[in-house]
Amino acid sequence: MHSPLERSLSPLSLLLFLWISSSTTTTTFRPAKAFNVTTLTFGESYSPLFSKFNIRRSPDDKTVSLLLNRLSGSGIISSDYYNYGFFSASIKMPSGYTAGIVVAFYTSNVDTFERNHDELDIEFLGNVPGKAWRFQTNLYGNGSVSRGREERFYVDEIPIREVVRNAAMRGDYPSKPMSVYATIWDASSWATNGGKRKVNYKYQPFIAEFKDLVLEGCIVDPVDQLLSSNCTDTAAALMSKDYSTVTPERRKSMRWFRQRHMYYSYCYDTIRYPVPPPECVISPSERQMFTSIGRPKSKTRSGGTQRRRPGGRSAKRRSKAAVDASRHQAAM
């Protein structure tokens with residue numbers, strides 16, 4: 001039996017947050033400190049997913065490094081599944097020549113639901129020296145992989161995407177319990193300049209460092225979808241946290257960011273989707289900035305000089321990523 005509060009946490013919206021710093025030696029912003037959440041060791045939170053020989057754990061078990069070399073990439077997976085929650089990590093990207101590389105931090109249940117899995121992605125796309133890392137977000141529901149919902153960005157310290165549930169999405173909206181994943185892998189066929197720039201293993205190993213690991217949510221059995229315990233207190237704590245709401249100020253910042261740093265959106269790709277998918281909220285101010293293939297008309301967001309928000313930082317090598325898959329309270 002679910003409590004009234006647990007039932008009220010219907011999957012109304014999904015939020016993606018990202019914070020970027022150009023520094024490779026210092027951290028200027030940490031999601032764990034900003035949102036007052038508890039960090040975990042690797043052993044308390046994750047297990048190897050693949051290529052254990054390319055996974056390095058620090059002596060205190062608070063940092064894990066994922067390697068990509070000629071032999072393989074590598075990945076980790078959370079020890080449990082969650083129906084909703086807040087999941088974050090501070091991530092230090094490989095430096096130098098990183099073309100063709102993808103570092104991903106995402107939630108998925110593909111290992112349990114192979115044919116109808118759900119997924120929320122943050123994927124960092126490597127580049128050639130002197131060019132910034134880029135990243136894209138995506139989501140799938142019920143195996144809807146043929147209907148990509150990509151948006152690609154440069155970022156600053158603000159929320160960058162919200163997906164509000166729309167009844168017309170039906171099964172396309174992620175709704176089943178998911179695990180949290182972190183991976184590094186060779187995506188030479190598409191990640192950089194449409195596949196024109198490949199991974200160059202002369203510069204191996206490529207190392208992505210994850211720390212400040214946070215998994216906040218109620219653990220659930222992915223098949224029977226039974227809660228591991230009474231989650232009333234967990235649900236109440238999640239709903240009381242700062243990250244559970246997009247404040248007017250954050251929404252203003254998100255709108256500012258999207259207009260200046262988004263360099264692809266499927267919602268404005270009328271060649272791919274003549275009729276925008278139902279979850280798309282078409283902004284007239286955004287629409288006029290994009291071509292019919294969802295790319296910006298201005299060169300600013302596609303490789304030229306970036307305009308900076310006062311007090312912000314451009315997206316380069318070190319990043320802190322957080323996926324907030326919390327479900328806002330709604331009447332049931």
# chains A, B, ... in the order shown; residues from 1 in each chain; ligands from 1

$ select_by_dssp --residues "range 55-240 of chain A" --states "alpha helix (DSSP H)" --output "list in words"
Thr232, Asp233, Thr234, Ala235, Ala236, Ala237, Leu238, Met239 and Ser240 of chain A

$ residues_around --residues "Asn54 in chain A" --least-positions-apart "4" --cutoff "12 Å" --atoms "only C-alpha atoms" --output "PyMOL selection string"
chain A and resi 48-50+64-76+183-185+205-208

$ atom_distance --atom1 "CA of Cys218 in chain A" --atom2 "CA of Ala182 in chain A"
19.8 Å

$ closest_residue --among "A:Leu227, A:Ala99, A:Val220, A:Ile160" --to "Arg250 in chain A" --atoms "only C-alpha atoms"
A:Ile160

$ select_by_dssp --residues "range 78-281 of chain A" --states "strand (DSSP E or B)" --output "number ranges by chain"
A: 78, 82-92, 101-108, 119-125, 134-140, 151-153, 158-164, 178-186, 206-220, 227, 262-265, 269

$ closest_residue --among "A:Cys231, A:Leu139, A:Val128, A:Val214" --to "Val163 in chain A" --atoms "only C-alpha atoms"
A:Leu139

$ atom_distance --atom1 "CA of Val164 in chain A" --atom2 "CA of Trp133 in chain A"
27.4 Å

$ closest_residue --among "A:Lys92, A:Arg295, A:Arg152, A:Lys52" --to "Arg272 in chain A" --atoms "only C-alpha atoms"
A:Arg295

$ closest_residue --among "A:Gln204, A:Thr270, A:Ser188, A:Gln225" --to "Gly100 in chain A" --atoms "only C-alpha atoms"
A:Ser188

$ closest_residue --among "A:Glu216, A:Arg287, A:Arg251, A:Ser179" --to "Val110 in chain A" --atoms "only C-alpha atoms"
A:Ser179

$ residues_around --residues "Ser292 in chain A" --least-positions-apart "5" --cutoff "7 Å" --atoms "only C-alpha atoms" --output "list in words"
Tyr268, Asp269, Thr270 and Ile271 of chain A

$ write_last_selection --atoms "all heavy atoms" --output "PDB file, in the first residue's frame"
ATOM      1  N   TYR A 268      11.810  22.324 -32.448  1.00  0.00           N
ATOM      2  CA  TYR A 268      11.799  23.291 -33.540  1.00  0.00           C
ATOM      3  C   TYR A 268      12.302  22.681 -34.845  1.00  0.00           C
ATOM      4  O   TYR A 268      12.480  23.403 -35.831  1.00  0.00           O
ATOM      5  CB  TYR A 268      12.632  24.519 -33.155  1.00  0.00           C
ATOM      6  CG  TYR A 268      12.100  25.188 -31.916  1.00  0.00           C
ATOM      7  CD1 TYR A 268      12.787  25.110 -30.709  1.00  0.00           C
ATOM      8  CD2 TYR A 268      10.881  25.865 -31.939  1.00  0.00           C
ATOM      9  CE1 TYR A 268      12.283  25.691 -29.555  1.00  0.00           C
ATOM     10  CE2 TYR A 268      10.368  26.455 -30.798  1.00  0.00           C
ATOM     11  CZ  TYR A 268      11.065  26.366 -29.610  1.00  0.00           C
ATOM     12  OH  TYR A 268      10.549  26.943 -28.472  1.00  0.00           O
ATOM     13  N   ASP A 269      12.531  21.379 -34.855  1.00  0.00           N
ATOM     14  CA  ASP A 269      12.959  20.661 -36.057  1.00  0.00           C
ATOM     15  C   ASP A 269      11.712  20.225 -36.813  1.00  0.00           C
ATOM     16  O   ASP A 269      11.215  19.101 -36.667  1.00  0.00           O
ATOM     17  CB  ASP A 269      13.811  19.456 -35.661  1.00  0.00           C
ATOM     18  CG  ASP A 269      14.489  18.800 -36.853  1.00  0.00           C
ATOM     19  OD1 ASP A 269      14.009  19.008 -37.988  1.00  0.00           O
ATOM     20  OD2 ASP A 269      15.478  18.078 -36.653  1.00  0.00           O
ATOM     21  N   THR A 270      11.192  21.118 -37.649  1.00  0.00           N
ATOM     22  CA  THR A 270       9.940  20.838 -38.359  1.00  0.00           C
ATOM     23  C   THR A 270      10.129  19.870 -39.525  1.00  0.00           C
ATOM     24  O   THR A 270       9.141  19.336 -40.039  1.00  0.00           O
ATOM     25  CB  THR A 270       9.314  22.142 -38.869  1.00  0.00           C
ATOM     26  OG1 THR A 270      10.254  22.827 -39.717  1.00  0.00           O
ATOM     27  CG2 THR A 270       8.937  23.056 -37.716  1.00  0.00           C
ATOM     28  N   ILE A 271      11.370  19.652 -39.939  1.00  0.00           N
ATOM     29  CA  ILE A 271      11.624  18.632 -40.960  1.00  0.00           C
ATOM     30  C   ILE A 271      11.464  17.247 -40.336  1.00  0.00           C
ATOM     31  O   ILE A 271      10.830  16.354 -40.912  1.00  0.00           O
ATOM     32  CB  ILE A 271      13.043  18.787 -41.548  1.00  0.00           C
ATOM     33  CG1 ILE A 271      13.219  20.177 -42.167  1.00  0.00           C
ATOM     34  CG2 ILE A 271      13.311  17.695 -42.575  1.00  0.00           C
ATOM     35  CD1 ILE A 271      12.249  20.493 -43.285  1.00  0.00           C
TER      36      ILE A 271
END
